[in-house]
file work.csv (CSV, C-alpha atoms)
chain,number,residue,atom,x,y,z
A,18,MET,CA,352.3,104.9,67.6
A,19,THR,CA,348.9,106.7,67.2
A,20,PRO,CA,349.0,109.1,64.3
A,21,VAL,CA,348.1,112.8,64.9
A,22,LEU,CA,345.4,113.6,62.5
A,23,THR,CA,343.7,117.0,62.0
A,24,ALA,CA,340.0,117.2,62.5
A,25,ASP,CA,339.6,117.5,58.6
A,26,GLU,CA,341.7,114.3,58.1
A,27,HIS,CA,339.7,112.5,60.7
A,28,ASP,CA,336.4,113.6,59.0
A,29,VAL,CA,337.7,112.5,55.5
A,30,ILE,CA,338.5,109.0,56.8
A,31,VAL,CA,335.0,108.8,58.3
A,32,GLU,CA,333.5,110.0,55.0
A,33,LEU,CA,335.5,107.6,52.9
A,34,MET,CA,334.5,104.7,55.2
A,35,ASN,CA,330.9,105.9,55.0
A,36,ILE,CA,330.9,105.7,51.2
A,37,GLY,CA,332.5,102.2,51.3
A,38,VAL,CA,330.0,101.0,53.9
A,39,GLY,CA,327.1,102.5,51.8
A,40,ARG,CA,328.2,100.4,48.9
A,41,ALA,CA,328.5,97.3,51.1
A,42,ALA,CA,325.0,98.0,52.5
A,43,HIS,CA,323.7,97.9,48.9
A,44,ALA,CA,325.3,94.5,48.3
A,45,LEU,CA,324.1,93.1,51.6
A,46,SER,CA,320.5,94.4,51.0
A,47,GLN,CA,320.4,92.2,47.9
A,48,LEU,CA,321.6,89.1,49.9
A,49,VAL,CA,319.1,89.5,52.8
A,50,GLN,CA,316.3,90.7,50.5
A,51,ASP,CA,315.7,93.6,52.9
A,52,GLU,CA,317.0,97.1,53.2
A,53,VAL,CA,320.2,97.1,55.3
A,54,LEU,CA,320.7,100.5,57.0
A,55,LEU,CA,324.2,101.2,58.3
A,56,SER,CA,325.0,104.2,60.6
A,57,VAL,CA,327.8,106.7,60.1
A,58,PRO,CA,331.0,105.0,61.2
A,59,LYS,CA,332.6,105.9,64.6
A,60,LEU,CA,336.3,106.1,64.2
A,61,GLN,CA,338.9,105.4,66.9
A,62,PHE,CA,342.7,105.0,66.7
A,63,LEU,CA,344.3,102.6,69.1
A,64,GLU,CA,347.8,101.9,70.2
A,65,ALA,CA,348.7,98.2,70.1
A,66,ALA,CA,349.6,98.3,73.8
A,67,ASN,CA,346.1,99.6,74.8
A,68,ALA,CA,344.1,97.8,72.1
A,69,ARG,CA,343.8,94.5,74.1
A,70,GLU,CA,342.4,96.4,77.1
A,71,VAL,CA,339.9,98.3,74.9
A,72,PHE,CA,338.7,95.1,73.3
A,73,CYS,CA,338.3,93.2,76.6
A,74,ARG,CA,336.4,96.1,78.1
A,75,SER,CA,334.0,96.7,75.2
A,76,MET,CA,333.4,93.3,73.7
A,77,PRO,CA,332.1,89.9,74.9
A,78,ASP,CA,334.4,87.0,75.9
A,79,LEU,CA,333.9,85.1,72.6
A,80,LEU,CA,334.0,86.7,69.2
A,81,ALA,CA,333.2,85.6,65.6
A,82,GLY,CA,334.9,87.5,62.8
A,83,VAL,CA,336.4,87.5,59.4
A,84,MET,CA,339.9,88.8,58.5
A,85,GLN,CA,341.5,89.6,55.2
A,86,GLY,CA,345.0,90.9,54.3
A,87,PHE,CA,345.6,93.7,51.8
A,88,GLN,CA,348.6,95.2,50.0
A,89,GLY,CA,349.2,98.1,47.7
A,90,PHE,CA,349.6,101.8,48.6
A,91,MET,CA,349.0,100.6,52.2
A,92,SER,CA,349.2,97.1,53.6
A,93,GLY,CA,347.9,95.3,56.7
A,94,ARG,CA,345.0,93.2,57.8
A,95,ALA,CA,341.3,94.2,58.1
A,96,ALA,CA,338.8,92.3,60.2
A,97,LEU,CA,335.1,92.4,60.5
A,98,LEU,CA,333.9,91.5,64.0
A,99,PHE,CA,330.5,90.4,65.2
A,100,PRO,CA,331.0,91.7,68.7
A,101,GLU,CA,327.8,90.7,70.4
A,102,GLU,CA,325.0,88.2,70.1
A,103,ARG,CA,322.8,90.7,68.2
A,104,SER,CA,325.5,91.1,65.6
A,105,LEU,CA,324.9,87.6,64.4
A,106,GLU,CA,321.3,88.6,63.6
A,107,LEU,CA,322.6,89.8,60.3
A,108,VAL,CA,324.2,86.4,59.6
A,109,ARG,CA,321.0,84.7,60.7
A,110,ALA,CA,318.9,86.9,58.4
A,111,ILE,CA,321.1,85.8,55.5
A,112,LEU,CA,321.4,82.1,56.4
A,113,GLY,CA,317.9,81.7,57.8
A,114,ALA,CA,319.3,79.6,60.6
A,115,ASP,CA,319.2,80.0,64.3
A,116,MET,CA,322.6,79.6,65.9
A,117,SER,CA,325.0,81.0,68.4
A,118,VAL,CA,328.7,81.9,67.9
A,119,ASP,CA,329.9,78.4,68.9
A,120,GLU,CA,327.3,76.7,66.7
A,121,ILE,CA,328.5,78.1,63.4
A,122,THR,CA,329.1,75.1,61.2
A,123,GLU,CA,331.7,74.5,58.4
A,124,LEU,CA,329.4,75.8,55.6
A,125,GLU,CA,328.2,78.7,57.8
A,126,GLN,CA,331.9,79.7,58.4
A,127,GLU,CA,332.3,80.0,54.7
A,128,THR,CA,329.2,82.1,54.4
A,129,LEU,CA,330.4,84.3,57.2
A,130,ALA,CA,333.7,84.6,55.3
A,131,GLU,CA,331.8,85.7,52.2
A,132,LEU,CA,329.8,88.3,54.2
A,133,GLY,CA,333.1,89.7,55.6
A,134,ASN,CA,334.7,89.6,52.1
A,135,ILE,CA,331.9,91.8,50.7
A,136,LEU,CA,332.1,94.4,53.5
A,137,LEU,CA,335.9,94.5,53.7
A,138,ASN,CA,336.4,94.6,49.9
A,139,ASN,CA,333.9,97.4,49.6
A,140,CYS,CA,335.5,99.5,52.3
A,141,LEU,CA,339.1,98.9,51.3
A,142,ALA,CA,338.5,99.3,47.5
A,143,THR,CA,336.5,102.5,48.1
A,144,LEU,CA,339.3,103.9,50.2
A,145,ALA,CA,341.8,103.1,47.5
A,146,ASN,CA,339.7,104.3,44.6
A,147,LEU,CA,338.8,107.7,46.2
A,148,LEU,CA,342.4,108.3,47.1
A,149,HIS,CA,343.4,107.4,43.5
A,150,ARG,CA,345.6,104.5,44.7
A,151,LYS,CA,345.7,100.8,44.0
A,152,ILE,CA,345.1,98.0,46.5
A,153,GLN,CA,345.0,94.2,46.3
A,154,THR,CA,343.1,92.0,48.8
A,155,ASP,CA,343.6,88.4,50.0
A,156,LEU,CA,341.0,85.8,50.6
A,157,PRO,CA,338.9,86.1,53.7
A,158,GLN,CA,339.3,83.8,56.7
A,159,ALA,CA,336.5,83.3,59.3
A,160,PHE,CA,337.5,82.8,62.9
A,161,ASN,CA,336.3,82.3,66.4
A,162,VAL,CA,338.5,83.6,69.2
A,163,ASP,CA,338.3,84.6,72.9
A,164,THR,CA,338.7,88.4,73.1
A,165,PRO,CA,342.0,88.6,75.0
A,166,HIS,CA,343.6,86.7,72.2
A,167,LEU,CA,342.1,88.7,69.4
A,168,LEU,CA,345.3,90.6,68.6
A,169,ASN,CA,347.4,87.4,68.5
A,170,ARG,CA,344.8,85.7,66.2
A,171,LEU,CA,344.9,88.7,63.8
A,172,SER,CA,348.7,89.1,64.2
A,173,LEU,CA,348.0,92.7,64.9
A,174,HIS,CA,351.2,93.8,66.5
A,175,ASP,CA,352.9,97.1,66.8
A,176,GLN,CA,355.0,96.9,63.7
A,177,GLY,CA,357.1,99.9,64.7
A,178,ASP,CA,356.5,103.5,64.2
A,179,GLY,CA,354.7,103.0,60.9
A,180,SER,CA,351.8,100.9,62.4
A,181,MET,CA,348.4,101.8,63.7
A,182,ILE,CA,345.1,100.1,64.5
A,183,MET,CA,342.0,101.8,63.3
A,184,LEU,CA,338.8,100.7,64.9
A,185,VAL,CA,335.6,101.6,63.1
A,186,GLN,CA,332.2,100.8,64.6
A,187,ILE,CA,329.0,100.8,62.6
A,188,ASP,CA,325.4,100.2,63.8
A,189,PHE,CA,323.2,98.3,61.4
A,190,SER,CA,319.5,97.6,61.2
A,191,LEU,CA,317.2,95.8,58.8
A,192,ARG,CA,314.2,97.8,57.8
A,193,ALA,CA,311.5,95.1,57.5
A,194,SER,CA,312.9,92.5,59.9
A,195,ASP,CA,313.3,94.9,62.8
A,196,LEU,CA,316.8,93.6,63.5
A,197,GLN,CA,319.7,95.7,64.8
A,198,GLY,CA,323.2,95.3,66.1
A,199,TYR,CA,326.7,96.6,65.5
A,200,LEU,CA,329.7,95.6,63.5
A,201,ALA,CA,333.3,96.6,64.1
A,202,PHE,CA,336.1,96.9,61.6
A,203,LEU,CA,339.7,96.7,62.6
A,204,ILE,CA,342.3,97.9,60.1
A,205,ASP,CA,345.8,97.3,61.1
A,206,LEU,CA,348.0,99.5,58.9
A,207,HIS,CA,351.7,98.6,58.6
A,208,SER,CA,352.2,101.6,56.4
A,209,ALA,CA,350.3,104.4,58.1
A,210,ASP,CA,352.6,107.0,56.6
A,211,ALA,CA,351.6,106.1,53.0
A,212,PHE,CA,347.9,106.2,54.0
A,213,ILE,CA,348.2,109.6,55.7
A,214,GLU,CA,350.2,111.0,52.8
A,215,ALA,CA,347.4,109.8,50.3
A,216,LEU,CA,344.8,111.3,52.6
A,217,ARG,CA,346.6,114.7,52.7
A,218,GLN,CA,347.0,114.7,48.9
A,219,TYR,CA,343.3,114.0,48.6
A,220,LEU,CA,342.4,116.9,50.9
A,221,VAL,CA,344.7,119.2,48.8
A,222,GLU,CA,343.0,118.2,45.6
A,223,LEU,CA,339.6,118.8,47.2
A,224,THR,CA,340.4,122.3,48.3
A,225,SER,CA,342.4,123.4,45.2
B,13,MET,CA,359.1,56.3,36.1
B,14,THR,CA,362.2,57.5,38.0
B,15,MET,CA,363.4,59.1,34.8
B,16,VAL,CA,360.1,60.9,34.4
B,17,ILE,CA,360.3,62.2,38.0
B,18,GLN,CA,363.9,63.3,37.4
B,19,ALA,CA,362.9,65.1,34.3
B,20,LEU,CA,360.1,66.9,36.0
B,21,ALA,CA,362.3,67.7,39.0
B,22,ALA,CA,364.8,69.3,36.6
B,23,ASN,CA,362.0,71.6,35.4
B,24,PRO,CA,360.1,72.8,38.5
B,25,GLU,CA,357.6,74.7,36.4
B,26,SER,CA,356.5,71.5,34.7
B,27,LEU,CA,356.4,69.7,38.0
B,28,CYS,CA,354.1,72.4,39.4
B,29,MET,CA,351.8,72.2,36.4
B,30,VAL,CA,351.5,68.4,36.6
B,31,THR,CA,350.8,68.7,40.3
B,32,LEU,CA,348.1,71.3,39.8
B,33,ASP,CA,346.6,69.3,37.0
B,34,HIS,CA,346.0,66.3,39.4
B,35,VAL,CA,344.8,68.2,42.5
B,36,GLU,CA,341.4,67.0,43.7
B,37,SER,CA,339.9,70.5,43.4
B,38,GLY,CA,339.0,72.7,40.5
B,39,ILE,CA,342.0,74.9,39.6
B,40,MET,CA,342.0,77.4,36.8
B,41,LEU,CA,344.0,80.5,35.9
B,42,LEU,CA,342.5,83.5,34.3
B,43,ASP,CA,344.4,86.4,32.6
B,44,GLY,CA,343.7,90.1,32.9
B,45,GLU,CA,341.2,89.8,30.0
B,46,ARG,CA,339.4,87.0,31.8
B,47,ARG,CA,340.6,84.3,29.4
B,48,VAL,CA,341.4,80.8,30.7
B,49,ARG,CA,345.1,80.1,30.8
B,50,PHE,CA,345.0,76.8,32.8
B,51,TRP,CA,342.2,74.2,33.3
B,52,ASN,CA,342.9,71.1,35.4
B,53,GLN,CA,341.7,67.6,35.2
B,54,TRP,CA,339.1,68.0,38.0
B,55,LEU,CA,337.4,70.7,35.9
B,56,VAL,CA,337.6,68.5,32.8
B,57,ARG,CA,335.8,65.7,34.8
B,58,TYR,CA,333.0,67.8,36.2
B,59,THR,CA,332.4,70.2,33.3
B,60,GLY,CA,333.0,67.8,30.4
B,61,ILE,CA,335.1,70.5,28.8
B,62,ALA,CA,338.6,69.6,27.6
B,63,ALA,CA,341.6,71.7,28.7
B,64,ASP,CA,342.4,72.5,25.0
B,65,THR,CA,338.9,73.8,24.4
B,66,ALA,CA,338.8,75.9,27.6
B,67,CYS,CA,342.2,77.6,27.2
B,68,GLY,CA,342.0,80.9,25.4
B,69,GLN,CA,338.2,81.2,26.0
B,70,ARG,CA,336.4,83.4,28.5
B,71,LEU,CA,334.5,81.4,31.1
B,72,GLU,CA,331.1,82.6,30.0
B,73,GLN,CA,331.8,81.3,26.5
B,74,LEU,CA,332.4,77.8,27.6
B,75,PHE,CA,329.0,76.8,29.0
B,76,ASP,CA,325.7,76.5,27.2
B,77,GLU,CA,323.8,78.2,29.9
B,78,PRO,CA,324.5,81.8,31.1
B,79,LEU,CA,326.6,82.1,34.2
B,80,PRO,CA,325.1,83.8,37.3
B,81,ALA,CA,325.8,87.6,37.5
B,82,VAL,CA,327.6,87.1,40.8
B,83,VAL,CA,330.2,84.9,39.1
B,84,LEU,CA,330.9,87.4,36.4
B,85,SER,CA,331.1,90.2,38.9
B,86,ALA,CA,333.6,88.3,41.1
B,87,ILE,CA,335.7,87.6,38.0
B,88,GLY,CA,335.7,91.3,37.2
B,89,ASP,CA,336.7,92.2,40.8
B,90,ALA,CA,339.5,89.7,40.7
B,91,CYS,CA,340.9,90.1,37.2
B,92,GLU,CA,340.4,93.8,36.8
B,93,HIS,CA,340.4,95.3,40.3
B,94,ARG,CA,342.7,92.8,42.0
B,95,LEU,CA,340.3,92.0,44.8
B,96,SER,CA,340.0,88.4,46.1
B,97,ARG,CA,336.5,87.1,46.2
B,98,LEU,CA,334.9,84.1,48.0
B,99,LEU,CA,331.5,82.8,46.7
B,100,SER,CA,330.0,80.4,49.2
B,101,HIS,CA,327.6,77.6,48.3
B,102,GLN,CA,325.0,78.7,50.9
B,103,LEU,CA,324.6,82.1,49.4
B,104,HIS,CA,324.8,81.0,45.8
B,105,ALA,CA,323.2,77.6,45.2
B,106,GLN,CA,324.6,77.4,41.7
B,107,LEU,CA,327.9,78.9,40.5
B,108,LEU,CA,329.2,76.9,37.6
B,109,PRO,CA,327.2,74.0,36.0
B,110,LEU,CA,329.3,71.1,37.4
B,111,HIS,CA,328.0,67.5,37.3
B,112,SER,CA,329.1,64.1,38.3
B,113,HIS,CA,327.8,60.8,37.0
B,114,THR,CA,326.4,58.0,39.1
B,115,VAL,CA,327.1,54.3,38.3
B,116,SER,CA,323.7,54.2,36.5
B,117,GLY,CA,324.8,57.2,34.3
B,118,ALA,CA,322.5,59.7,36.0
B,119,ARG,CA,323.8,63.3,36.3
B,120,THR,CA,324.0,64.8,39.8
B,121,PRO,CA,325.0,68.4,40.6
B,122,VAL,CA,328.3,69.0,42.3
B,123,TYR,CA,327.8,71.6,45.0
B,124,HIS,CA,330.8,73.9,45.3
B,125,SER,CA,332.2,77.1,46.5
B,126,MET,CA,334.5,79.4,44.5
B,127,MET,CA,337.6,81.4,45.5
B,128,LEU,CA,339.3,83.9,43.2
B,129,ARG,CA,342.7,85.3,44.2
B,130,PRO,CA,344.8,87.6,42.0
B,131,LEU,CA,348.4,86.5,41.9
B,132,ASP,CA,351.2,88.9,42.7
B,133,ASP,CA,353.6,89.8,39.9
B,134,HIS,CA,352.3,87.2,37.5
B,135,GLN,CA,351.2,89.2,34.5
B,136,GLY,CA,347.8,89.9,36.0
B,137,LEU,CA,346.9,86.2,36.5
B,138,THR,CA,344.1,85.2,38.8
B,139,LEU,CA,343.9,81.8,40.5
B,140,VAL,CA,340.4,80.4,40.7
B,141,GLN,CA,339.7,77.4,43.0
B,142,LEU,CA,336.5,75.4,43.2
B,143,HIS,CA,335.9,73.2,46.3
B,144,ASP,CA,333.5,70.3,46.2
B,145,THR,CA,331.0,70.8,49.1
B,146,THR,CA,328.5,68.2,48.1
B,147,ASN,CA,329.2,65.9,51.1
B,148,ALA,CA,329.1,68.7,53.6
B,149,VAL,CA,325.9,70.1,52.1
B,150,ARG,CA,324.2,66.6,52.3
B,151,ARG,CA,325.5,66.0,55.8
B,152,GLU,CA,324.2,69.4,57.1
B,153,ARG,CA,320.9,68.9,55.4
B,154,HIS,CA,320.5,65.5,57.0
B,155,LEU,CA,321.5,66.8,60.5
B,156,ARG,CA,319.1,69.8,60.2
B,157,ASP,CA,316.2,67.5,59.1
B,158,LYS,CA,316.9,65.2,62.1
B,159,GLU,CA,317.2,68.2,64.4
B,160,GLN,CA,313.8,69.6,63.2
B,161,ALA,CA,312.1,66.1,63.6
B,162,LEU,CA,313.5,65.8,67.2
B,163,ARG,CA,312.3,69.4,68.0
B,164,LYS,CA,308.8,68.5,66.8
B,165,VAL,CA,308.7,65.3,68.9
B,166,HIS,CA,310.0,67.2,71.9
B,167,GLN,CA,307.3,69.9,71.4
B,168,THR,CA,304.5,67.4,70.9
B,169,LEU,CA,305.6,65.5,74.1
B,170,SER,CA,305.8,68.7,76.1
B,171,GLU,CA,302.3,69.6,74.9
B,172,GLU,CA,301.0,66.1,75.8
B,173,LYS,CA,302.6,66.2,79.1
B,174,LYS,CA,300.6,69.4,79.9
B,175,VAL,CA,297.4,67.8,78.6
B,176,TYR,CA,298.1,64.6,80.6
B,177,ARG,CA,298.8,66.4,83.8
B,178,TYR,CA,295.5,68.2,83.3
B,179,GLY,CA,293.8,64.9,82.4
B,180,THR,CA,295.0,62.9,85.4
B,181,GLU,CA,293.7,65.6,87.7
B,182,ASN,CA,290.3,65.4,86.1
B,183,HIS,CA,289.9,62.1,84.1
B,184,GLN,CA,291.3,58.6,83.7
B,185,CYS,CA,294.0,57.8,81.1
B,186,PRO,CA,292.7,57.1,77.6
B,187,GLY,CA,292.5,53.3,76.9
B,188,GLY,CA,292.9,52.6,80.6
B,189,GLY,CA,296.2,51.6,82.3
B,190,ASP,CA,298.4,53.7,84.5
B,191,ARG,CA,299.7,57.2,83.4
B,192,HIS,CA,303.3,56.0,82.8
B,193,SER,CA,302.3,53.4,80.3
B,194,TRP,CA,300.0,55.8,78.5
B,195,THR,CA,302.8,58.4,78.2
B,196,TYR,CA,305.2,55.7,77.0
B,197,ARG,CA,302.7,54.6,74.2
B,198,GLN,CA,302.2,58.2,73.1
B,199,HIS,CA,306.0,58.7,73.0
B,200,GLN,CA,306.6,55.6,70.9
B,201,SER,CA,303.8,56.6,68.5
B,202,GLN,CA,305.4,60.1,68.0
B,203,LEU,CA,308.8,58.6,67.3
B,204,ARG,CA,307.4,56.2,64.8
B,205,ALA,CA,305.6,59.0,63.0
B,206,ALA,CA,308.8,61.1,62.9
B,207,ASN,CA,310.8,58.2,61.5
B,208,ARG,CA,308.2,57.6,58.8
B,209,ARG,CA,308.4,61.3,57.8
B,210,GLN,CA,312.2,60.9,57.3

call {"tool": "encode", "arguments": {"input": "work.csv", "output": "structure tokens"}}
result
Amino acid sequence: MTPVLTADEHDVIVELMNIGVGRAAHALSQLVQDEVLLSVPKLQFLEAANAREVFCRSMPDLLAGVMQGFQGFMSGRAALLFPEERSLELVRAILGADMSVDEITELEQETLAELGNILLNNCLATLANLLHRKIQTDLPQAFNVDTPHLLNRLSLHDQGDGSMIMLVQIDFSLRASDLQGYLAFLIDLHSADAFIEALRQYLVELTS
Amino acid sequence: MTMVIQALAANPESLCMVTLDHVESGIMLLDGERRVRFWNQWLVRYTGIAADTACGQRLEQLFDEPLPAVVLSAIGDACEHRLSRLLSHQLHAQLLPLHSHTVSGARTPVYHSMMLRPLDDHQGLTLVQLHDTTNAVRRERHLRDKEQALRKVHQTLSEEKKVYRYGTENHQCPGGGDRHSWTYRQHQSQLRAANRRQ
């Protein structure tokens, strides 16, 4: 079930994600030795039933990505997707290798997993810290999947009324290398109520 | 031997510790204060540090050389903030100073990746795993070198083909003979040069 959020709550999530992404950008800049610029995230909530159709419509047939579980005040799985050929430019900039999605080797899979780990940890930890909550993350797993099976691969199912899928899209560019593309985060929350409660409390604290 | 197994089976915790001690990967446990609580035989072999010496110490106190900042930061993330971290070999050429010894006694580096995972409900313990990637690193280097050599040969042959086409339209083949045997000689010469460079 897609949660009903007020405009303020929606803006707060975008802002929190923006702060997390900003921290991730700093860590990535050090890795690529170039300034990584990330756009303000675009946020969208999806119902599990419609998510497959949205992914198939907006993404290529084959995807590379990294997923990571998390538990704490909220639990679920987060995934970083490289939804198009240009997205892998960031990986190429880090690895210095020329490759396509299906040419990623064993060691490059591991590097891709670390890249996802940095981005996902920064976003999830920032969300938890700013909401004054605790969160624990699992180890990242890199994967390749054909888009229609993305939800199965991530085990992103409708877990009942308490579940929601948050899709966050971010454009990136590298200042010196003239590279650009976009990344997508999927956060599957099995405990959306706890997340929204923490969000509302944060808003109350902000305004009081 | 059967009695030993029976004794271990009667105490699952001991059995787990014995098993972890003999796993062919580096396994250590760190507590909330980043001190080593477990150090397996793989680590003893590749660090030269005994388990008794390691236990109770912080990782940075165990080695003569300072550890990379990324390792200390990952330990902080895992032990204090409960965030799992993966440090890959390709992004971090050296994590811990691990070495193996060849038959002649020479020390060679052990390339590895590192995974840190906080354990649930276990007094703030963090599991650290080190995976030996030495063979994978060597294999990929070898394949990349071969690929680059082949690309160069291919590029040179393509350029020569253009020159040859131009030449046959205007001149005779160098050294005489027909154009096929001249191209073949050039091809063989390029392959020999590429092999010598390997």

call {"tool": "closest_atom_pairs", "arguments": {"input": "work.csv", "of": "chain A", "to": "chain B", "cutoff": "7 Å", "atoms": "all atoms listed in the file", "output": "JSON lines"}}
result
{"residue": "A:Glu127", "atom": "CA", "partner": "B:Ser100", "partner_atom": "CA", "distance": 6.0}
{"residue": "A:Thr128", "atom": "CA", "partner": "B:Ser100", "partner_atom": "CA", "distance": 5.5}
{"residue": "A:Glu131", "atom": "CA", "partner": "B:Leu98", "partner_atom": "CA", "distance": 5.5}
{"residue": "A:Asn134", "atom": "CA", "partner": "B:Arg97", "partner_atom": "CA", "distance": 6.7}
{"residue": "A:Asn138", "atom": "CA", "partner": "B:Leu95", "partner_atom": "CA", "distance": 6.9}
{"residue": "A:Gln153", "atom": "CA", "partner": "B:Arg94", "partner_atom": "CA", "distance": 5.1}
{"residue": "A:Thr154", "atom": "CA", "partner": "B:Leu95", "partner_atom": "CA", "distance": 4.9}
{"residue": "A:Asp155", "atom": "CA", "partner": "B:Ser96", "partner_atom": "CA", "distance": 5.3}
{"residue": "A:Leu156", "atom": "CA", "partner": "B:Ser96", "partner_atom": "CA", "distance": 5.3}

call {"tool": "residues_around", "arguments": {"input": "work.csv", "residues": "A:Ile36", "least_positions_apart": "4", "cutoff": "12 Å", "atoms": "all atoms listed in the file", "output": "PDB file with C-alpha atoms, in the frame of the given file"}}
result
ATOM      1  CA  VAL A  29     337.700 112.500  55.500  1.00  0.00           C
ATOM      2  CA  ILE A  30     338.500 109.000  56.800  1.00  0.00           C
ATOM      3  CA  VAL A  31     335.000 108.800  58.300  1.00  0.00           C
ATOM      4  CA  GLU A  32     333.500 110.000  55.000  1.00  0.00           C
ATOM      5  CA  ARG A  40     328.200 100.400  48.900  1.00  0.00           C
ATOM      6  CA  ALA A  41     328.500  97.300  51.100  1.00  0.00           C
ATOM      7  CA  ALA A  42     325.000  98.000  52.500  1.00  0.00           C
ATOM      8  CA  HIS A  43     323.700  97.900  48.900  1.00  0.00           C
ATOM      9  CA  LEU A  55     324.200 101.200  58.300  1.00  0.00           C
ATOM     10  CA  SER A  56     325.000 104.200  60.600  1.00  0.00           C
ATOM     11  CA  VAL A  57     327.800 106.700  60.100  1.00  0.00           C
ATOM     12  CA  PRO A  58     331.000 105.000  61.200  1.00  0.00           C
ATOM     13  CA  LEU A 136     332.100  94.400  53.500  1.00  0.00           C
ATOM     14  CA  ASN A 139     333.900  97.400  49.600  1.00  0.00           C
ATOM     15  CA  CYS A 140     335.500  99.500  52.300  1.00  0.00           C
ATOM     16  CA  LEU A 141     339.100  98.900  51.300  1.00  0.00           C
ATOM     17  CA  ALA A 142     338.500  99.300  47.500  1.00  0.00           C
ATOM     18  CA  THR A 143     336.500 102.500  48.100  1.00  0.00           C
ATOM     19  CA  LEU A 144     339.300 103.900  50.200  1.00  0.00           C
ATOM     20  CA  ALA A 145     341.800 103.100  47.500  1.00  0.00           C
ATOM     21  CA  ASN A 146     339.700 104.300  44.600  1.00  0.00           C
ATOM     22  CA  LEU A 147     338.800 107.700  46.200  1.00  0.00           C
TER      23      LEU A 147
END

call {"tool": "atom_distance", "arguments": {"input": "work.csv", "atom1": "atom CA of B:Gly68", "atom2": "atom CA of B:Asn23"}}
result
24.2 Å

call {"tool": "closest_residue", "arguments": {"input": "work.csv", "among": "A:Pro77, A:Gly82, A:Gly93, A:Pro165", "to": "A:Leu132", "atoms": "only C-alpha atoms"}}
result
A:Gly82

call {"tool": "atom_distance", "arguments": {"input": "work.csv", "atom1": "atom CA of A:Glu52", "atom2": "atom CA of B:Val82"}}
result
19.1 Å

call {"tool": "closest_residue", "arguments": {"input": "work.csv", "among": "B:Leu137, B:Cys28, B:Val165, B:Met40", "to": "B:Cys91", "atoms": "only C-alpha atoms"}}
result
B:Leu137
